[in-house]
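**Student:** I am attaching a structure below and will ask some questions about it afterwards.
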Amino acid sequence: MTALLEPQAARSSVSAAALSPAELVAGPCALPNAPLAMPMQVIEPRVGLLRRLLSGLIPHHPAAPSAGAGL
Amino acid sequence: MNRTSISRAGLYALRSLAVGLSLVAGLGAFVLFLQFGDADGLDTLDILRALLILISTLWLAWGAIQALIGLTSFSHPPAYDPAAPIRGRTVILMPVYNEDPLATFSRVAAMETSLRETGDPAQIHFAILSDTRNETIARRELVLFKHLVEDRNGMGRFFYRRRENNVGKKAGNIEDFITRSGGAYDYAVILDADSLMEGTTILSMIRRMEAEERLGLLQTLPKVIRARSRFGRAMQFSASFFSPIFARGLAMMQGETGPFWGHNAIVRVRAFAESCGLPALRGKPPFGGHVMSHDYVEAAMLARAGWIVRLDDDLGGSFEEGPENIVDHAKRDRRWCQGNLQHSRIIGAPGLRAWSRFVFAQGIMAYIAPLFWLGFILASIAAPILAPPPDYFPIPYWPFPYFPPSEASKAISLAIGIFGLLLLPKILIATRAAFTGRANGFGGARLAFLSTLGELAFSSLTAPVLLMYATRSVFQVLLGRDGGWPTNNRGDGTLTLGESFAASHWIVTIGAVGLAATWAFAPGLLLWLLPVGVPMIFAPALLRWSSLPSTGRLMGVPTEYAPAPVMVLHDQILERWTAALVPEDASTAPAVAPEKTHA
């Protein structure tokens, strides 16, 4: 098993024994910096279950024809 | 039958068969109960009870059919080259939260050693993702991490970070890693603090990911290990002996929409990042806020995005530890209950696969099912009070009394049927294990069968107590009480009688009042309800007794007879580290003993 990233390979030349635990986790053993986007997903319906059930039960009447330009 | 060879038509046929048979069983119970109730005239309460028994039987039958499908199939590995060179980069993630660092970090060391022993040159790193809030434990984590790096010569391969706040709990912890460092890796093995996996298993998982480009997540079936108490060993036996068969049935039915249980699984980092960003749900906890049981949701999100989510139940070498007593089990169940009921907000999310919605519904049903049984029992106690007195002279002026025919045989048939659904799958599993040789790992066919009977007796005793805890959890969630996220107790786990009583006195009260009410209002039911009421009255003794150490051969599992190599490695490392660290660390060693809590 080899080191993954170049900076880490360089880090590995430092002896762990020479560092304090805090220095270790702040330096050579800090997570690699390789950001990856994690876009938020849509995980719940836009409207609640009750509203969806009710909207399915209640008949929707089409809007009245416009009395505008068409007439 | 092979999971990988089942066609889409076959999959739908299997699912339809399973649902159909469950419906038949449920409707059969419904009709039988109506006939029983009709003996003295049907009333509203009879119909209500018949409906409750329909739902409960349907749920039991679903579990039994899952086992039957599992019994009629065998797990096979998918097509992949087990010797192919691994090209991708992998990170093994161990999220920790106020855990004992000595135990958790030594597991990391054991897995690294196991991987090293394979001689495989795959690029595999380890990251400990700490959400620990206890400062004393956090300081000890740093000390242990340094020891881990030195011990395993792990500079450049081992990483540690502690979040300043634990937003989003475990899901937020993983998400933080992905957004910060996910670009460095192709695959991430996600563990729990008590997870342990063989190096060969991890390598197989990576190769399977590389062999199937559409595979987004691969879940293994972790076996419970290192149980010491009576309760723990019963759970361990059940997870080792019965669960693989149920999981096989599940694997057959789920197709490409498999489960994620939150740990002992590998994900394709890119797929996970693209699909699994989980926003907080609208509103406040328990139904709103951060997704608690995030794993099921992440599996559904991956499937929605077109990735395969698969349970490879043929993979061994995957382990976890479990609760050692009923109180810890109930605490964990409280969290899972809230998480599963919260899925009612997600079940209607746009674009989900039908099976994902079904899985959410199953999870919800698993927690509300006890309420149906409880409702049935309460309605049965109330029935004689509300029923009109029998009319022995229905025909005016007829000199001889009319006695309605007894339909007790119908009730007995129904009870036999329900017990059959509960017991038969486990008996069949033990029988098959005897014929296939699988029982040899459990001490031989005779001992495996005795262990099965022991587990059945044990689960019958504890079921009413667990039913009460589950019912309370559901009511707490419905009343809007957030259960929080307490630390898991992992340790000795023995409960004192005082602790047991504090955790279960309300169950004793309900059991005593319930039996007294039955004796007063429905004495005919008393005998039927004794198996439910007596364990409730003796709940404190049961909690205490079941938490005591267990040493017999009964309920032995393969890892007790022959510990897995990674377990041996872990034992050796833990012993070595304890000797090396405890003297120098004694002055600063925190009380990492489990926090005392009551369910």
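To be explicit about the labels: the chains of the structure tokens are called A, B, and onward in the order shown, and within each one the residues are counted from 1, while ligands get numbers from 1 in the order they are shown.
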Could you list, as an MDAnalysis selection string, every residue of chain B that has an atom within 7 Å of an atom of chain A, counting only C-alpha atoms?

**Tutor:** chainID B and resid 121:124 142:143 146 149:150 155:161 178:184 273:279 345:346 348:350

**Student:** Residues of the last selection are to be written out with C-alpha atoms, as a PDB file, in the first residue's frame.

**Tutor:**
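Generated output (selection.pdb):
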```
ATOM      1  CA  PRO B 121      -0.332  -3.318  -3.493  1.00  0.00           C
ATOM      2  CA  ALA B 122      -3.717  -1.549  -3.648  1.00  0.00           C
ATOM      3  CA  GLN B 123      -3.744   2.072  -2.545  1.00  0.00           C
ATOM      4  CA  ILE B 124      -5.781   2.089   0.626  1.00  0.00           C
ATOM      5  CA  LEU B 142      -5.059  12.190  19.652  1.00  0.00           C
ATOM      6  CA  VAL B 143      -2.722  10.141  21.846  1.00  0.00           C
ATOM      7  CA  LYS B 146      -0.244   9.025  17.201  1.00  0.00           C
ATOM      8  CA  VAL B 149       0.519   5.935  13.109  1.00  0.00           C
ATOM      9  CA  GLU B 150       3.762   4.978  14.775  1.00  0.00           C
ATOM     10  CA  MET B 155       2.395   8.414   7.840  1.00  0.00           C
ATOM     11  CA  GLY B 156       0.712   9.459   4.616  1.00  0.00           C
ATOM     12  CA  ARG B 157      -1.848   6.645   4.890  1.00  0.00           C
ATOM     13  CA  PHE B 158      -3.625   7.411   8.155  1.00  0.00           C
ATOM     14  CA  PHE B 159      -5.652  10.571   8.681  1.00  0.00           C
ATOM     15  CA  TYR B 160      -7.568  12.056  11.564  1.00  0.00           C
ATOM     16  CA  ARG B 161      -9.877  15.007  11.832  1.00  0.00           C
ATOM     17  CA  ILE B 178     -16.547  13.784   0.885  1.00  0.00           C
ATOM     18  CA  THR B 179     -16.763  17.531   0.295  1.00  0.00           C
ATOM     19  CA  ARG B 180     -13.302  18.095   1.755  1.00  0.00           C
ATOM     20  CA  SER B 181     -11.334  15.082   0.533  1.00  0.00           C
ATOM     21  CA  GLY B 182     -13.631  12.919  -1.616  1.00  0.00           C
ATOM     22  CA  GLY B 183     -11.862  13.950  -4.825  1.00  0.00           C
ATOM     23  CA  ALA B 184      -8.789  11.993  -3.735  1.00  0.00           C
ATOM     24  CA  ALA B 273     -21.258  12.623  -3.878  1.00  0.00           C
ATOM     25  CA  GLU B 274     -23.569  13.158  -6.854  1.00  0.00           C
ATOM     26  CA  SER B 275     -26.575  11.417  -5.325  1.00  0.00           C
ATOM     27  CA  CYS B 276     -26.460  11.502  -1.542  1.00  0.00           C
ATOM     28  CA  GLY B 277     -26.354  15.121  -0.422  1.00  0.00           C
ATOM     29  CA  LEU B 278     -29.104  15.033   2.189  1.00  0.00           C
ATOM     30  CA  PRO B 279     -30.688  18.351   3.179  1.00  0.00           C
ATOM     31  CA  ARG B 345     -41.585  12.264   5.092  1.00  0.00           C
ATOM     32  CA  ILE B 346     -39.293  10.842   2.420  1.00  0.00           C
ATOM     33  CA  GLY B 348     -43.098  10.271  -1.400  1.00  0.00           C
ATOM     34  CA  ALA B 349     -39.899  11.906  -2.678  1.00  0.00           C
ATOM     35  CA  PRO B 350     -40.004  12.380  -6.454  1.00  0.00           C
TER      36      PRO B 350
END
```

**Student:** Can you work out the spacing between CA of Arg332 in chain B and CA of Leu466 in chain B in Å, to one decimal?

**Tutor:** 11.9 Å

**Student:** Skip Leu569 in chain B itself and residues of its chain fewer than 5 positions away, then list as a ChimeraX atom specification all residues within 10 Å of it, counting only C-alpha atoms.

**Tutor:** /B:106-107,109-114,563-564,574-575

**Student:** Separation of CA of Trp59 in chain B and CA of Leu467 in chain B, in Å?

**Tutor:**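 Here the two named atoms are 14.9 Å from each other.
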
**Student:** Pick out the residues sitting within 8 Å of range 359-363 of chain B, and hand them over as a ChimeraX atom specification; count only C-alpha atoms, and ignore anything fewer than 5 positions along from it in its own chain.

**Tutor:** /B:296,340-341,343-344,347
